[in-house]
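A.B. asks: File name run.cif; file contents mmCIF, C-alpha atoms and all ligand atoms; full text below.
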data_input
loop_
_atom_site.label_atom_id
_atom_site.label_comp_id
_atom_site.auth_asym_id
_atom_site.auth_seq_id
_atom_site.Cartn_x
_atom_site.Cartn_y
_atom_site.Cartn_z
CA MET A 722 -35.06 209.16 87.85
CA SER A 723 -32.98 206.40 89.40
CA ALA A 724 -30.10 204.82 87.52
CA SER A 725 -30.53 201.52 85.78
CA VAL A 726 -28.07 198.64 86.07
CA LEU A 727 -28.01 195.35 84.22
CA LEU A 728 -26.80 192.31 86.18
CA ILE A 729 -25.22 189.65 84.02
CA TYR A 730 -24.90 186.34 85.84
CA THR A 731 -22.33 184.00 84.30
CA GLY A 732 -21.81 181.61 87.22
CA GLY A 733 -19.35 181.17 90.06
CA THR A 734 -19.78 180.90 93.80
CA ILE A 735 -21.61 184.22 94.18
CA GLY A 736 -24.80 182.89 92.62
CA MET A 737 -24.79 179.52 94.31
CA LEU A 738 -27.18 178.35 96.98
CA ALA A 739 -26.66 175.38 99.23
CA ASP A 740 -29.25 172.67 98.71
CA PRO A 741 -30.99 172.48 102.12
CA ARG A 742 -30.86 168.68 102.16
CA SER A 743 -27.57 167.69 100.57
CA GLY A 744 -25.64 170.91 101.18
CA ALA A 745 -24.35 170.75 97.58
CA LEU A 746 -24.01 174.10 95.82
CA ARG A 747 -26.28 174.80 92.86
CA PRO A 748 -26.88 177.95 90.80
CA MET A 749 -29.56 180.27 92.19
CA ASP A 750 -32.45 181.58 90.11
CA LEU A 751 -31.71 185.30 89.65
CA ALA A 752 -35.40 186.04 89.93
CA HIS A 753 -35.02 185.25 93.63
CA LEU A 754 -32.02 187.46 94.19
CA GLU A 755 -34.01 189.96 96.24
CA ASP A 756 -35.11 187.18 98.61
CA GLN A 757 -31.46 186.52 99.34
CA VAL A 758 -30.42 190.18 99.42
CA PRO A 759 -33.45 192.20 100.60
CA GLU A 760 -31.14 195.24 100.96
CA LEU A 761 -31.22 195.57 97.15
CA ALA A 762 -34.63 197.20 97.41
CA ARG A 763 -33.04 200.08 99.31
CA VAL A 764 -30.10 200.74 96.95
CA GLY A 765 -32.29 203.01 94.82
CA VAL A 766 -31.22 201.51 91.49
CA ARG A 767 -33.47 199.92 88.87
CA LEU A 768 -32.14 196.41 88.37
CA GLU A 769 -32.63 194.09 85.46
CA SER A 770 -30.86 190.81 85.00
CA VAL A 771 -29.84 188.27 82.41
CA ALA A 772 -28.10 184.97 83.04
CA PHE A 773 -26.15 182.43 81.03
CA GLU A 774 -28.59 179.56 80.35
CA GLN A 775 -25.97 177.28 81.87
CA PRO A 776 -24.06 179.21 84.57
CA ILE A 777 -20.44 178.07 84.60
CA ASP A 778 -17.57 177.82 87.00
CA SER A 779 -15.14 180.43 85.74
CA SER A 780 -12.51 177.75 85.13
CA ASP A 781 -14.69 176.73 82.19
CA MET A 782 -14.78 180.23 80.67
CA ARG A 783 -13.54 180.38 77.10
CA PRO A 784 -12.89 183.28 74.73
CA ALA A 785 -16.32 182.67 73.16
CA ASP A 786 -17.87 183.38 76.58
CA TRP A 787 -16.00 186.70 76.85
CA VAL A 788 -17.44 187.63 73.46
CA ARG A 789 -20.89 186.56 74.69
CA ILE A 790 -20.63 188.89 77.70
CA ALA A 791 -19.41 191.74 75.47
CA ASP A 792 -22.35 191.13 73.12
CA ILE A 793 -24.86 191.26 76.00
CA ILE A 794 -23.37 194.60 77.09
CA GLY A 795 -23.44 195.89 73.50
CA ALA A 796 -27.07 194.85 72.97
CA ASN A 797 -28.17 196.54 76.21
CA TYR A 798 -25.76 199.48 76.22
CA ALA A 799 -28.22 202.28 75.54
CA GLN A 800 -30.83 201.06 78.04
CA HIS A 801 -28.60 200.99 81.13
CA ASP A 802 -26.27 203.29 83.05
CA GLY A 803 -23.94 200.50 84.09
CA PHE A 804 -23.34 196.75 84.10
CA VAL A 805 -22.44 194.30 86.85
CA VAL A 806 -21.03 190.97 85.75
CA LEU A 807 -21.37 188.23 88.37
CA HIS A 808 -18.51 185.87 87.71
CA GLY A 809 -16.40 183.24 89.45
CA SER A 810 -13.27 184.72 90.92
CA ASP A 811 -10.82 182.14 89.53
CA THR A 812 -10.54 183.57 86.02
CA MET A 813 -12.20 186.94 86.61
CA ALA A 814 -8.97 188.81 85.81
CA TYR A 815 -8.84 187.20 82.34
CA THR A 816 -12.45 188.04 81.56
CA ALA A 817 -12.01 191.61 82.79
CA SER A 818 -8.89 192.03 80.65
CA ALA A 819 -10.57 190.61 77.55
CA LEU A 820 -13.65 192.81 78.00
CA SER A 821 -11.44 195.90 78.30
CA TYR A 822 -10.25 195.30 74.72
CA LEU A 823 -13.50 193.96 73.24
CA LEU A 824 -15.52 197.00 74.39
CA GLU A 825 -13.86 199.79 72.42
CA GLY A 826 -14.96 203.30 73.35
CA LEU A 827 -16.68 202.13 76.56
CA ASN A 828 -18.06 205.07 78.51
CA LYS A 829 -20.10 203.24 81.15
CA PRO A 830 -19.06 201.08 84.11
CA VAL A 831 -18.68 197.35 83.63
CA ILE A 832 -18.02 196.02 87.12
CA LEU A 833 -17.11 192.37 87.62
CA THR A 834 -17.67 190.91 91.02
CA GLY A 835 -18.01 187.55 92.72
CA SER A 836 -17.42 186.10 96.13
CA GLN A 837 -15.46 183.52 98.04
CA LEU A 838 -18.58 182.25 99.87
CA PRO A 839 -22.03 181.62 98.33
CA ILE A 840 -24.66 184.32 98.77
CA GLY A 841 -26.86 182.37 101.19
CA THR A 842 -24.17 181.43 103.72
CA ILE A 843 -23.51 183.16 107.02
CA ARG A 844 -20.39 185.38 106.83
CA THR A 845 -20.75 185.59 103.07
CA ASP A 846 -18.79 188.27 101.26
CA ALA A 847 -21.26 188.12 98.37
CA LYS A 848 -23.78 190.66 99.66
CA GLU A 849 -21.32 193.48 100.21
CA ASN A 850 -19.57 192.81 96.92
CA LEU A 851 -22.86 192.75 95.02
CA ILE A 852 -24.43 195.82 96.63
CA THR A 853 -21.32 198.00 96.32
CA ALA A 854 -20.66 196.85 92.74
CA ILE A 855 -24.22 197.93 91.87
CA GLU A 856 -23.71 201.31 93.57
CA ILE A 857 -20.49 201.87 91.61
CA ALA A 858 -22.12 200.83 88.34
CA ALA A 859 -24.82 203.44 88.98
CA ALA A 860 -22.53 206.23 90.24
CA LYS A 861 -22.39 209.53 88.33
CA ASP A 862 -20.09 212.54 88.53
CA GLU A 863 -21.22 216.18 88.89
CA GLN A 864 -21.87 216.38 85.16
CA GLY A 865 -24.09 213.31 85.20
CA ARG A 866 -21.50 211.13 83.49
CA ALA A 867 -20.47 207.67 84.66
CA MET A 868 -18.01 207.88 87.52
CA VAL A 869 -16.09 204.80 86.32
CA PRO A 870 -16.22 204.57 82.52
CA GLU A 871 -14.18 201.37 82.30
CA VAL A 872 -14.04 197.63 83.04
CA ALA A 873 -13.21 197.10 86.71
CA VAL A 874 -13.21 194.39 89.37
CA TYR A 875 -14.86 195.05 92.74
CA PHE A 876 -13.89 192.77 95.58
CA GLU A 877 -13.67 193.25 99.34
CA TYR A 878 -13.91 197.05 99.56
CA ARG A 879 -11.68 197.80 96.59
CA LEU A 880 -12.34 198.68 92.98
CA LEU A 881 -9.46 197.72 90.69
CA ARG A 882 -8.88 198.26 86.99
CA GLY A 883 -9.90 194.97 85.37
CA ASN A 884 -6.87 194.54 83.13
CA ARG A 885 -4.47 195.32 86.02
CA THR A 886 -5.99 192.77 88.36
CA VAL A 887 -4.56 189.44 89.51
CA LYS A 888 -6.12 186.86 91.79
CA VAL A 889 -3.63 186.42 94.62
CA HIS A 890 -5.44 184.37 97.22
CA ALA A 891 -7.53 181.22 97.05
CA GLU A 892 -9.26 181.67 100.41
CA ARG A 893 -9.07 185.20 101.71
CA PHE A 894 -11.95 187.56 101.03
CA GLU A 895 -9.31 190.01 99.83
CA ALA A 896 -8.53 187.84 96.83
CA PHE A 897 -7.40 190.40 94.25
CA ARG A 898 -4.61 192.90 93.84
CA SER A 899 -3.57 195.41 91.24
CA PRO A 900 0.16 195.64 91.86
CA ASN A 901 1.02 198.14 89.16
CA TRP A 902 -1.93 200.52 89.30
CA PRO A 903 -3.69 202.21 92.24
CA ALA A 904 -7.18 201.17 93.30
CA LEU A 905 -9.85 203.13 91.41
CA ALA A 906 -11.97 203.38 94.55
CA GLU A 907 -12.09 202.25 98.17
CA ALA A 908 -15.38 201.53 99.90
CA GLY A 909 -15.59 202.54 103.55
CA VAL A 910 -18.31 204.60 105.14
CA ARG A 911 -18.44 206.26 101.71
CA ILE A 912 -17.08 205.12 98.37
CA LYS A 913 -13.98 207.20 97.71
CA TYR A 914 -13.01 207.41 94.04
CA ASP A 915 -9.45 208.15 92.95
CA ARG A 916 -10.31 210.21 89.91
CA GLY A 917 -6.72 210.49 88.75
CA ALA A 918 -6.52 206.68 88.49
CA ILE A 919 -9.76 206.21 86.53
CA LEU A 920 -9.68 206.28 82.71
CA PRO A 921 -11.00 209.49 81.16
CA HIS A 922 -14.28 209.46 79.23
CA ARG A 923 -13.83 208.53 75.61
CA SER A 924 -15.30 210.17 72.57
CA GLY A 925 -17.24 208.23 69.96
CA SER A 926 -19.63 205.38 70.41
CA LEU A 927 -19.19 201.84 71.65
CA VAL A 928 -17.75 199.29 69.22
CA VAL A 929 -18.11 195.69 70.36
CA HIS A 930 -15.43 193.45 68.88
CA ASP A 931 -16.18 189.78 68.50
CA ARG A 932 -12.98 188.16 67.31
CA LEU A 933 -10.31 186.61 69.48
CA ASP A 934 -7.65 184.23 68.22
CA ASP A 935 -6.88 181.55 70.80
CA ARG A 936 -3.77 180.18 69.08
CA VAL A 937 -1.59 181.46 71.89
CA ALA A 938 0.32 179.83 74.75
CA VAL A 939 2.08 180.72 77.97
CA ILE A 940 5.48 179.26 78.84
CA ARG A 941 6.59 179.84 82.40
CA LEU A 942 10.37 179.82 82.63
CA PHE A 943 12.10 178.11 85.55
CA PRO A 944 15.74 177.44 86.35
CA GLY A 945 16.75 174.34 84.39
CA ILE A 946 14.00 174.63 81.76
CA ARG A 947 15.10 172.49 78.84
CA GLY A 948 15.65 174.04 75.44
CA ALA A 949 14.39 170.84 73.78
CA TRP A 950 11.12 171.09 75.68
CA VAL A 951 10.63 174.76 74.74
CA LYS A 952 11.42 173.88 71.11
CA HIS A 953 8.79 171.15 71.18
CA ALA A 954 6.18 173.41 72.79
CA LEU A 955 6.81 176.19 70.26
CA SER A 956 6.56 173.84 67.28
CA MET A 957 2.79 173.34 67.61
CA PRO A 958 1.78 173.82 63.96
CA ASP A 959 -0.86 176.51 64.41
CA LEU A 960 0.59 178.40 67.38
CA ARG A 961 0.88 182.12 66.57
CA ALA A 962 2.12 183.71 69.79
CA ALA A 963 3.57 182.68 73.14
CA VAL A 964 3.91 184.64 76.34
CA LEU A 965 7.18 183.86 78.11
CA THR A 966 6.84 184.54 81.80
CA THR A 967 10.34 185.55 82.74
CA PHE A 968 12.41 186.24 85.83
CA GLY A 969 12.67 189.63 87.53
CA SER A 970 12.82 192.52 85.10
CA GLY A 971 12.36 190.22 82.10
CA ASN A 972 15.32 187.86 82.23
CA GLY A 973 15.82 184.25 81.15
CA PRO A 974 18.49 181.58 80.82
CA THR A 975 21.33 182.16 78.37
CA ASP A 976 21.44 178.40 77.57
CA PRO A 977 22.16 178.20 73.79
CA GLU A 978 19.58 175.44 73.25
CA PHE A 979 16.85 177.55 74.84
CA ILE A 980 17.81 180.63 72.79
CA ALA A 981 17.95 178.52 69.61
CA ALA A 982 14.39 177.31 70.29
CA LEU A 983 13.20 180.91 70.51
CA ARG A 984 15.16 181.91 67.39
CA GLU A 985 13.60 179.10 65.34
CA ALA A 986 10.13 180.13 66.47
CA ARG A 987 10.81 183.77 65.57
CA GLU A 988 12.09 182.69 62.13
CA ARG A 989 8.78 180.94 61.57
CA GLY A 990 7.03 184.24 62.33
CA MET A 991 5.87 183.46 65.84
CA GLU A 992 5.28 186.40 68.17
CA LEU A 993 7.00 186.02 71.54
CA LEU A 994 6.03 188.20 74.50
CA ASN A 995 8.03 188.94 77.62
CA VAL A 996 5.99 189.31 80.85
CA THR A 997 7.60 189.13 84.26
CA GLN A 998 6.70 186.39 86.76
CA CYS A 999 6.96 188.99 89.52
CA VAL A 1000 3.65 190.17 90.87
CA GLY A 1001 4.69 193.82 90.57
CA GLY A 1002 7.17 195.87 88.55
CA ARG A 1003 8.06 195.93 84.87
CA VAL A 1004 10.09 194.25 82.16
CA GLU A 1005 13.18 196.15 81.08
CA GLN A 1006 14.56 194.06 78.27
CA GLY A 1007 18.30 194.43 77.68
CA ARG A 1008 19.05 195.75 81.17
CA TYR A 1009 20.80 192.51 82.11
CA VAL A 1010 22.85 190.23 79.85
CA THR A 1011 20.19 187.59 80.56
CA SER A 1012 17.60 189.51 78.57
CA GLN A 1013 19.77 190.75 75.70
CA ALA A 1014 19.03 187.72 73.52
CA PHE A 1015 15.29 188.46 73.89
CA GLU A 1016 15.95 191.97 72.66
CA GLN A 1017 17.98 190.76 69.68
CA LEU A 1018 15.32 188.22 68.72
CA GLY A 1019 12.54 190.79 68.73
CA VAL A 1020 10.74 189.36 71.77
CA ILE A 1021 8.12 191.96 72.72
CA PRO A 1022 8.68 193.49 76.16
CA CYS A 1023 5.27 193.84 77.80
CA ALA A 1024 6.29 196.47 80.37
CA ASP A 1025 4.13 196.15 83.51
CA MET A 1026 1.30 194.08 82.03
CA THR A 1027 -0.11 191.12 83.89
CA VAL A 1028 -0.04 187.71 82.21
CA GLU A 1029 -3.83 187.89 82.07
CA ALA A 1030 -3.75 191.23 80.27
CA ALA A 1031 -0.98 190.14 77.89
CA ILE A 1032 -2.46 186.82 76.80
CA THR A 1033 -5.92 188.28 76.19
CA LYS A 1034 -4.42 191.26 74.35
CA ALA A 1035 -2.47 188.88 72.10
CA MET A 1036 -5.72 187.01 71.36
CA PHE A 1037 -7.46 190.30 70.61
CA LEU A 1038 -4.74 191.71 68.34
CA LEU A 1039 -4.29 188.46 66.44
CA GLY A 1040 -8.05 188.25 65.97
CA ASN A 1041 -8.26 191.82 64.70
CA ASP A 1042 -5.42 192.09 62.22
CA ARG A 1043 -5.02 195.60 60.97
CA ALA A 1044 -2.18 195.41 58.49
CA THR A 1045 -1.10 199.02 59.05
CA GLU A 1046 0.87 198.67 62.28
CA PRO A 1047 2.93 195.64 63.21
CA PHE A 1048 1.76 193.37 66.02
CA ALA A 1049 4.75 194.31 68.21
CA GLN A 1050 3.89 197.98 68.06
CA ARG A 1051 0.22 197.40 68.83
CA MET A 1052 1.16 195.14 71.71
CA VAL A 1053 3.12 197.86 73.51
CA VAL A 1054 0.65 200.72 72.97
CA PRO A 1055 -1.99 200.66 75.73
CA ILE A 1056 -5.56 200.11 74.54
CA SER A 1057 -7.35 200.51 77.80
CA GLY A 1058 -4.87 201.38 80.53
CA GLU A 1059 -3.37 197.88 80.73
CA SER A 1060 0.24 199.08 80.80
CA THR A 1061 2.23 202.16 81.73
CA LEU A 1062 4.48 203.80 79.16
CA VAL A 1063 7.65 205.36 80.55
N1 LIG B 1 -14.40 178.15 91.23
C1 LIG B 1 -15.21 179.34 91.38
C2 LIG B 1 -15.20 180.07 90.05
O1 LIG B 1 -14.24 180.72 89.72
C3 LIG B 1 -14.70 180.19 92.48
C4 LIG B 1 -15.46 181.49 92.65
O2 LIG B 1 -16.59 181.61 92.25
O3 LIG B 1 -14.91 182.41 93.21
O4 LIG B 1 -16.15 179.98 89.31
#
Any chance you could give the structure as structure tokens?
C.D. replies:
Amino acid sequence: MSASVLLIYTGGTIGMLADPRSGALRPMDLAHLEDQVPELARVGVRLESVAFEQPIDSSDMRPADWVRIADIIGANYAQHDGFVVLHGSDTMAYTASALSYLLEGLNKPVILTGSQLPIGTIRTDAKENLITAIEIAAAKDEQGRAMVPEVAVYFEYRLLRGNRTVKVHAERFEAFRSPNWPALAEAGVRIKYDRGAILPHRSGSLVVHDRLDDRVAVIRLFPGIRGAWVKHALSMPDLRAAVLTTFGSGNGPTDPEFIAALREARERGMELLNVTQCVGGRVEQGRYVTSQAFEQLGVIPCADMTVEAAITKAMFLLGNDRATEPFAQRMVVPISGESTLV
């Protein structure tokens, strides 16, 4: 019996068609997907689809939409072998990261894909991305278990762990990278899986979480950043956590006004996270004098996490308070392969 895959269309370029008269892009009716991609009939997978009533550009995605996608997967989990989420590429890395926390105990593939050009255009990257993502979502190992039991992003011949992914190019077909984790698979003549890089199967059943706390912010440091400005930003009354994107291996200015702004926020109970601005590598807080104050103030070093993975993890942990372990401890323990412990 052939595998069954559920396509979840949320919006983005991949599902757009150019209006023959005006040329303007509008969302395609998924029922006509096979007209656009007749090759789907030959993939040998049973396909079903659901779509957001109002497909959205991924710049309009909100945490409630991530929960909506997780809910769709939860409601259809038993009926399908895998899931392909069609999504705009702009914020795909955030959605993938959020889903990797919301879907606890996931043992089936959830593959996000999209494209840089709409499906109906010549030279489109959409067809290859869609077809291969479906093949991966349906792929089984020798024991009949899912080959990729995790949330991943497939784009331009590479399968990347979702919560390790960053969008690095606005135009190239090769738009994503996973600087701190190897690709889970490469698609050439055959799809080659790197089994050592893929998460192991998990025991227990799927638990779909539905709470995310969006009272979080990101402050990108830059040379000359004013302490008074940081103080103002951190005094938002309901802000609970802020990700500081820092220099190099987690460094920042030693300017007393800047440090005082962080201290005040910490004294009010705010969680501060240290994520590097570098595309690759990890935070090593305390290695340089310029990160010692962070260490003393209890800023949480986020190792080699991406900003996308850190901000969504903060939302997830704040939304799912378990009083037993402190936030800082839960932030540094990987939930779904989003960081590497040394
Ligand atoms: N702006 C679009 C989106 O992210 C771009 C894309 O689909 O890749 O929804």
A.B. asks: For each of A:Ile843, A:Leu955, A:Met782, A:Val1020, take the minimum atom-to-atom distance to Glu1005 (chain A), counting all atoms listed in the file, then give the residue where this is smallest.
C.D. replies: A:Val1020
A.B. asks: So which one's closest to Val929 (chain A), A:Met1052, A:Leu820, A:Ile980, A:Ala814? Using only C-alpha atoms, please.
C.D. replies: A:Leu820
A.B. asks: Between A:Glu769, A:Asp778, A:Asp811, A:Asp976, single out the one closest to Ser1012 (chain A), counting all atoms listed in the file.
C.D. replies: A:Asp976
A.B. asks: Kindly give the distance, in Å, that separates CA of Leu942 (chain A) and CA of Gln998 (chain A), rounded to a single decimal.
C.D. replies: 8.6 Å
A.B. asks: Find the residues of chain A that sit at most 6 Å from ligand LIG 1 (chain B); for each, write down the nearest two atoms and how far apart they are in Å, to one decimal. Count all atoms listed in the file. Sort by chain, then by number going up, and give it as CSV.
C.D. replies:
residue,atom,partner,partner_atom,distance
A:Gly733,CA,B:LIG1,O4,3.5
A:Thr734,CA,B:LIG1,O2,3.6
A:Ile735,CA,B:LIG1,O2,6.0
A:Asp778,CA,B:LIG1,O4,3.5
A:Ser779,CA,B:LIG1,O4,3.7
A:Ser780,CA,B:LIG1,O1,5.7
A:Gly809,CA,B:LIG1,O2,3.2
A:Ser810,CA,B:LIG1,O3,3.6
A:Asp811,CA,B:LIG1,O1,3.7
A:Thr812,CA,B:LIG1,O1,6.0
A:Ser836,CA,B:LIG1,O3,5.3
A:Gln837,CA,B:LIG1,O3,5.0
A.B. asks: Using C-alpha atoms, can you export the residues from the last selection as a PDB file, keeping the file's coordinate frame?
C.D. replies:
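result.pdb, freshly written:
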ATOM      1  CA  GLY A 733     -19.350 181.170  90.060  1.00  0.00           C
ATOM      2  CA  THR A 734     -19.780 180.900  93.800  1.00  0.00           C
ATOM      3  CA  ILE A 735     -21.610 184.220  94.180  1.00  0.00           C
ATOM      4  CA  ASP A 778     -17.570 177.820  87.000  1.00  0.00           C
ATOM      5  CA  SER A 779     -15.140 180.430  85.740  1.00  0.00           C
ATOM      6  CA  SER A 780     -12.510 177.750  85.130  1.00  0.00           C
ATOM      7  CA  GLY A 809     -16.400 183.240  89.450  1.00  0.00           C
ATOM      8  CA  SER A 810     -13.270 184.720  90.920  1.00  0.00           C
ATOM      9  CA  ASP A 811     -10.820 182.140  89.530  1.00  0.00           C
ATOM     10  CA  THR A 812     -10.540 183.570  86.020  1.00  0.00           C
ATOM     11  CA  SER A 836     -17.420 186.100  96.130  1.00  0.00           C
ATOM     12  CA  GLN A 837     -15.460 183.520  98.040  1.00  0.00           C
TER      13      GLN A 837
END
A.B. asks: Would you pick out the contacts of Arg893 (chain A) at 10 Å or less, using only C-alpha atoms, so that residues sharing its chain but fewer than 3 positions from it are not included, and give the list as a PyMOL selection string?
C.D. replies: chain A and resi 837+877+889-890+896-897
A.B. asks: From the set A:His930, A:Arg911, A:Val1028, A:Glu871, which residue has the shortest atom-to-atom contact distance to Ile790 (chain A), counting only C-alpha atoms?
C.D. replies: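 Ranked by minimum distance to Ile790 (chain A), first place goes to A:His930.
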A.B. asks: Figure out the distance between CA of Ala954 (chain A) and CA of Asn972 (chain A), please, to one decimal in Å.
C.D. replies: 19.5 Å
A.B. asks: Identify which of the residues A:Leu827, A:Leu933, A:Ala860, A:Ile840 lies closest to Arg747 (chain A), counting only C-alpha atoms when measuring atom-to-atom distances.
C.D. replies: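 Closest candidate: A:Ile840.
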A.B. asks: Considering all atoms listed in the file, return as a list in words whatever protein or nucleic-acid residues lie within 7 Å of region 1021-1025 of chain A, sequence-local ones (same chain, fewer than 6 positions apart) excluded.
C.D. replies: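 Once the nearby chain positions are removed, what remains is Asn901, Leu993, Leu994, Asn995, Val996, Gly1002, Arg1003, Val1004, Glu1005, Gln1006, Ala1049, Val1053, Ser1060 and Thr1061 of chain A.
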A.B. asks: Mind checking which residues fall within 7 Å of region 1030-1040 of chain A, counting only C-alpha atoms, ignoring those fewer than 2 positions away in the same chain, and posting them as a PyMOL selection string?
C.D. replies: chain A and resi 815+818-819+884+932-935+937+964+1026-1028+1042+1059
A.B. asks: Excluding Val758 (chain A) and its own-chain neighbours fewer than 3 positions away, which residues fall within 9 Å of it when counting all atoms listed in the file? Please give them as a PyMOL selection string.
C.D. replies: chain A and resi 753-755+761-762+840-841+848+852
A.B. asks: Which of these, A:Thr975, A:Thr1045, A:Gln864, A:Thr731, has the shortest distance to Ile777 (chain A) once you count all atoms listed in the file?
C.D. replies: A:Thr731
A.B. asks: At what distance in Å, to one decimal, does CA of Gly1001 (chain A) lie from CA of Ile919 (chain A)?
C.D. replies: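 Between CA of Ile919 (chain A) and CA of Gly1001 (chain A) the gap is 19.5 Å.
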A.B. asks: Grab all the atoms of region 939-958 of chain A that the file lists, wrap them in a box along x, y and z, add 4 Å per side, and give me centre plus edge lengths in Å (one decimal) as lines of an AutoDock Vina configuration file.
C.D. replies:
center_x = 9.3
center_y = 175.8
center_z = 75.2
size_x = 23.0
size_y = 17.9
size_z = 30.4
A.B. asks: Please tell me which residues are no farther than 8 Å from (-28.7, 184.3, 91.5) in the file, counting all atoms listed in the file, and write them as a PyMOL selection string.
C.D. replies: chain A and resi 730+735-737+748-754
A.B. asks: Considering only C-alpha atoms, return as a VMD selection string whatever protein or nucleic-acid residues lie within 12 Å of Tyr1009 (chain A), sequence-local ones (same chain, fewer than 4 positions apart) excluded.
C.D. replies: chain A and resid 968 to 975 1004 to 1005 1013 to 1016
